[in-house]
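To start, the structure under review is shown below, and the notes come after it.
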Amino acid sequence: MTICIEWRLSSDYDDFLIKMNISSLICHRKPERSFHVRGHQFPVCARCTGIYISVMLYFIYAFFNYINYSQELIILAAILMIPAGIDGLTQSFEYRESNNTLRLITGLCMGLGLAILVKAFKFYFIQRGGIL
């Protein structure tokens, strides 16, 4: 009896995952915008791959090195995020079609800018108690 109930719960959970496609919450996963290795698609698109790589590398770097989060660095972080925004918006409005190399590069820049802003937010608001 217990085995039947556990199987039923597992089956319902699998059906839920298939219907909801949880992975689409973090990335669109379009095959033409994703990298493929030996015929297998990456779990995220090229831009998200770049974002996740640079965020992870920056957090590792920031863990071992002191970083002075000056206004110039925060402005640079915001500027680093602009190319991904432009690339994504021009694609969504169908002005042009990008390629995976450009998506990866803009994702790397976006991830670095995002990671700097997250760490700067932590530095100013949590450790120092505010900007002023």
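Here's how to read the names in the structure tokens: chain A, B, ... by the order shown, residue numbers from 1 in each chain, ligand numbers from 1 in the order shown.
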Neighbours of Asn99 of chain A within 12 Å (only C-alpha atoms; same-chain residues fewer than 3 positions away dropped), as a ChimeraX atom specification?
-> /A:32-35,45-47,87-88,91,96,102-106
Output N, CA and C atoms for every residue in the selection just made, as a compact mmCIF listing (two decimals), in the first residue's frame.
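again-v9.txt, freshly written:
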# COMPACT_ATOMS: atom_id res chain seq x y z
N GLU A 32 17.84 27.23 -30.25
CA GLU A 32 18.68 28.00 -31.17
C GLU A 32 19.50 29.08 -30.45
N ARG A 33 19.19 29.36 -29.20
CA ARG A 33 19.93 30.35 -28.42
C ARG A 33 20.73 29.72 -27.30
N SER A 34 20.91 28.42 -27.36
CA SER A 34 21.65 27.69 -26.33
C SER A 34 22.84 26.98 -26.94
N PHE A 35 23.83 26.72 -26.11
CA PHE A 35 24.97 25.93 -26.56
C PHE A 35 24.61 24.46 -26.50
N CYS A 45 20.29 29.27 -21.69
CA CYS A 45 20.72 29.85 -22.96
C CYS A 45 22.13 30.43 -22.84
N ALA A 46 22.66 30.90 -23.97
CA ALA A 46 24.02 31.42 -24.01
C ALA A 46 24.19 32.64 -23.11
N ARG A 47 23.22 33.56 -23.12
CA ARG A 47 23.33 34.76 -22.29
C ARG A 47 23.29 34.41 -20.80
N ASP A 87 21.13 44.29 -26.57
CA ASP A 87 21.09 43.07 -27.38
C ASP A 87 19.76 42.34 -27.19
N GLY A 88 19.32 42.22 -25.96
CA GLY A 88 18.06 41.53 -25.70
C GLY A 88 16.85 42.26 -26.26
N GLN A 91 16.62 42.12 -30.08
CA GLN A 91 16.15 40.81 -30.52
C GLN A 91 14.66 40.62 -30.25
N ARG A 96 16.88 42.69 -35.17
CA ARG A 96 18.00 41.89 -35.67
C ARG A 96 18.05 40.59 -34.89
N LEU A 102 27.89 36.47 -29.22
CA LEU A 102 27.54 37.80 -28.72
C LEU A 102 26.68 37.69 -27.47
N ARG A 103 25.77 36.74 -27.45
CA ARG A 103 24.94 36.54 -26.26
C ARG A 103 25.79 36.16 -25.05
N LEU A 104 26.78 35.30 -25.26
CA LEU A 104 27.67 34.90 -24.16
C LEU A 104 28.46 36.11 -23.65
N ILE A 105 29.00 36.90 -24.56
CA ILE A 105 29.81 38.06 -24.16
C ILE A 105 28.95 39.08 -23.41
N THR A 106 27.75 39.38 -23.94
CA THR A 106 26.89 40.34 -23.23
C THR A 106 26.42 39.76 -21.90
Apply DSSP to the structure's backbone, then extract all residues of segment 44-123 of chain A labelled alpha helix (DSSP H) and return them as a ChimeraX atom specification.
-> /A:46-64,71-92,100-121
In Å and to one decimal, atom CA of Ala78 of chain A is distant from atom CA of Gly113 of chain A by 6.0 Å
Extract, using only C-alpha atoms, all DNA, RNA and protein residues at most 12 Å from segment 63-72 of chain A, discarding same-chain residues fewer than 6 positions from it, and format them as a list in words.
->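 Non-adjacent residues within range: Met56, Leu57, Ala78, Ile79, Ala115, Ile116, Leu117, Val118, Lys119, Ala120, Phe121, Lys122, Phe123, Tyr124, Phe125, Arg128 and Ile131 of chain A.
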Produce a file of the selected residues containing N, CA, C and O atoms, as a PDB file, in the first residue's frame.
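And here is the file that came out, selection-v5.pdb:
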ATOM      1  N   MET A  56      29.344  33.888 -10.621  1.00  0.00           N
ATOM      2  CA  MET A  56      30.046  32.933  -9.768  1.00  0.00           C
ATOM      3  C   MET A  56      31.527  33.310  -9.618  1.00  0.00           C
ATOM      4  O   MET A  56      32.058  33.324  -8.501  1.00  0.00           O
ATOM      5  N   LEU A  57      32.179  33.638 -10.730  1.00  0.00           N
ATOM      6  CA  LEU A  57      33.599  33.996 -10.662  1.00  0.00           C
ATOM      7  C   LEU A  57      33.826  35.280  -9.869  1.00  0.00           C
ATOM      8  O   LEU A  57      34.788  35.386  -9.099  1.00  0.00           O
ATOM      9  N   ALA A  78      26.784  49.488 -13.768  1.00  0.00           N
ATOM     10  CA  ALA A  78      25.567  49.818 -14.515  1.00  0.00           C
ATOM     11  C   ALA A  78      25.854  49.870 -16.017  1.00  0.00           C
ATOM     12  O   ALA A  78      25.051  49.382 -16.824  1.00  0.00           O
ATOM     13  N   ILE A  79      27.001  50.417 -16.389  1.00  0.00           N
ATOM     14  CA  ILE A  79      27.374  50.487 -17.805  1.00  0.00           C
ATOM     15  C   ILE A  79      27.589  49.088 -18.379  1.00  0.00           C
ATOM     16  O   ILE A  79      27.236  48.809 -19.524  1.00  0.00           O
ATOM     17  N   ALA A 115      26.684  41.310 -10.404  1.00  0.00           N
ATOM     18  CA  ALA A 115      27.382  40.846  -9.204  1.00  0.00           C
ATOM     19  C   ALA A 115      27.987  42.020  -8.430  1.00  0.00           C
ATOM     20  O   ALA A 115      27.922  42.063  -7.198  1.00  0.00           O
ATOM     21  N   ILE A 116      28.562  42.980  -9.144  1.00  0.00           N
ATOM     22  CA  ILE A 116      29.125  44.160  -8.481  1.00  0.00           C
ATOM     23  C   ILE A 116      28.021  44.924  -7.754  1.00  0.00           C
ATOM     24  O   ILE A 116      28.196  45.342  -6.605  1.00  0.00           O
ATOM     25  N   LEU A 117      26.874  45.095  -8.408  1.00  0.00           N
ATOM     26  CA  LEU A 117      25.772  45.824  -7.773  1.00  0.00           C
ATOM     27  C   LEU A 117      25.235  45.088  -6.555  1.00  0.00           C
ATOM     28  O   LEU A 117      24.912  45.712  -5.539  1.00  0.00           O
ATOM     29  N   VAL A 118      25.139  43.776  -6.615  1.00  0.00           N
ATOM     30  CA  VAL A 118      24.663  42.999  -5.467  1.00  0.00           C
ATOM     31  C   VAL A 118      25.629  43.134  -4.296  1.00  0.00           C
ATOM     32  O   VAL A 118      25.227  43.372  -3.154  1.00  0.00           O
ATOM     33  N   LYS A 119      26.938  43.007  -4.574  1.00  0.00           N
ATOM     34  CA  LYS A 119      27.933  43.140  -3.504  1.00  0.00           C
ATOM     35  C   LYS A 119      27.995  44.569  -2.978  1.00  0.00           C
ATOM     36  O   LYS A 119      28.183  44.787  -1.784  1.00  0.00           O
ATOM     37  N   ALA A 120      27.833  45.561  -3.849  1.00  0.00           N
ATOM     38  CA  ALA A 120      27.827  46.952  -3.403  1.00  0.00           C
ATOM     39  C   ALA A 120      26.612  47.219  -2.522  1.00  0.00           C
ATOM     40  O   ALA A 120      26.719  47.903  -1.499  1.00  0.00           O
ATOM     41  N   PHE A 121      25.455  46.661  -2.896  1.00  0.00           N
ATOM     42  CA  PHE A 121      24.257  46.792  -2.074  1.00  0.00           C
ATOM     43  C   PHE A 121      24.504  46.185  -0.694  1.00  0.00           C
ATOM     44  O   PHE A 121      24.185  46.788   0.326  1.00  0.00           O
ATOM     45  N   LYS A 122      25.086  45.013  -0.674  1.00  0.00           N
ATOM     46  CA  LYS A 122      25.396  44.368   0.601  1.00  0.00           C
ATOM     47  C   LYS A 122      26.363  45.225   1.409  1.00  0.00           C
ATOM     48  O   LYS A 122      26.181  45.422   2.610  1.00  0.00           O
ATOM     49  N   PHE A 123      27.386  45.760   0.759  1.00  0.00           N
ATOM     50  CA  PHE A 123      28.393  46.558   1.435  1.00  0.00           C
ATOM     51  C   PHE A 123      27.784  47.819   2.040  1.00  0.00           C
ATOM     52  O   PHE A 123      28.009  48.126   3.206  1.00  0.00           O
ATOM     53  N   TYR A 124      26.992  48.553   1.244  1.00  0.00           N
ATOM     54  CA  TYR A 124      26.475  49.835   1.711  1.00  0.00           C
ATOM     55  C   TYR A 124      25.297  49.696   2.682  1.00  0.00           C
ATOM     56  O   TYR A 124      25.214  50.419   3.664  1.00  0.00           O
ATOM     57  N   PHE A 125      24.384  48.782   2.418  1.00  0.00           N
ATOM     58  CA  PHE A 125      23.160  48.732   3.208  1.00  0.00           C
ATOM     59  C   PHE A 125      23.233  47.765   4.382  1.00  0.00           C
ATOM     60  O   PHE A 125      22.573  47.983   5.375  1.00  0.00           O
ATOM     61  N   ARG A 128      27.423  48.807   6.229  1.00  0.00           N
ATOM     62  CA  ARG A 128      27.631  50.183   6.666  1.00  0.00           C
ATOM     63  C   ARG A 128      26.368  50.869   7.130  1.00  0.00           C
ATOM     64  O   ARG A 128      26.424  51.972   7.662  1.00  0.00           O
ATOM     65  N   ILE A 131      23.835  54.506   2.548  1.00  0.00           N
ATOM     66  CA  ILE A 131      24.766  55.169   1.630  1.00  0.00           C
ATOM     67  C   ILE A 131      25.432  56.367   2.299  1.00  0.00           C
ATOM     68  O   ILE A 131      26.596  56.629   2.110  1.00  0.00           O
TER      69      ILE A 131
END
Give me, please, the distance in Å between atom CA of Ile53 of chain A and atom CA of Tyr95 of chain A, quoted to one decimal.
->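 Between atom CA of Ile53 of chain A and atom CA of Tyr95 of chain A the gap works out to 27.7 Å.
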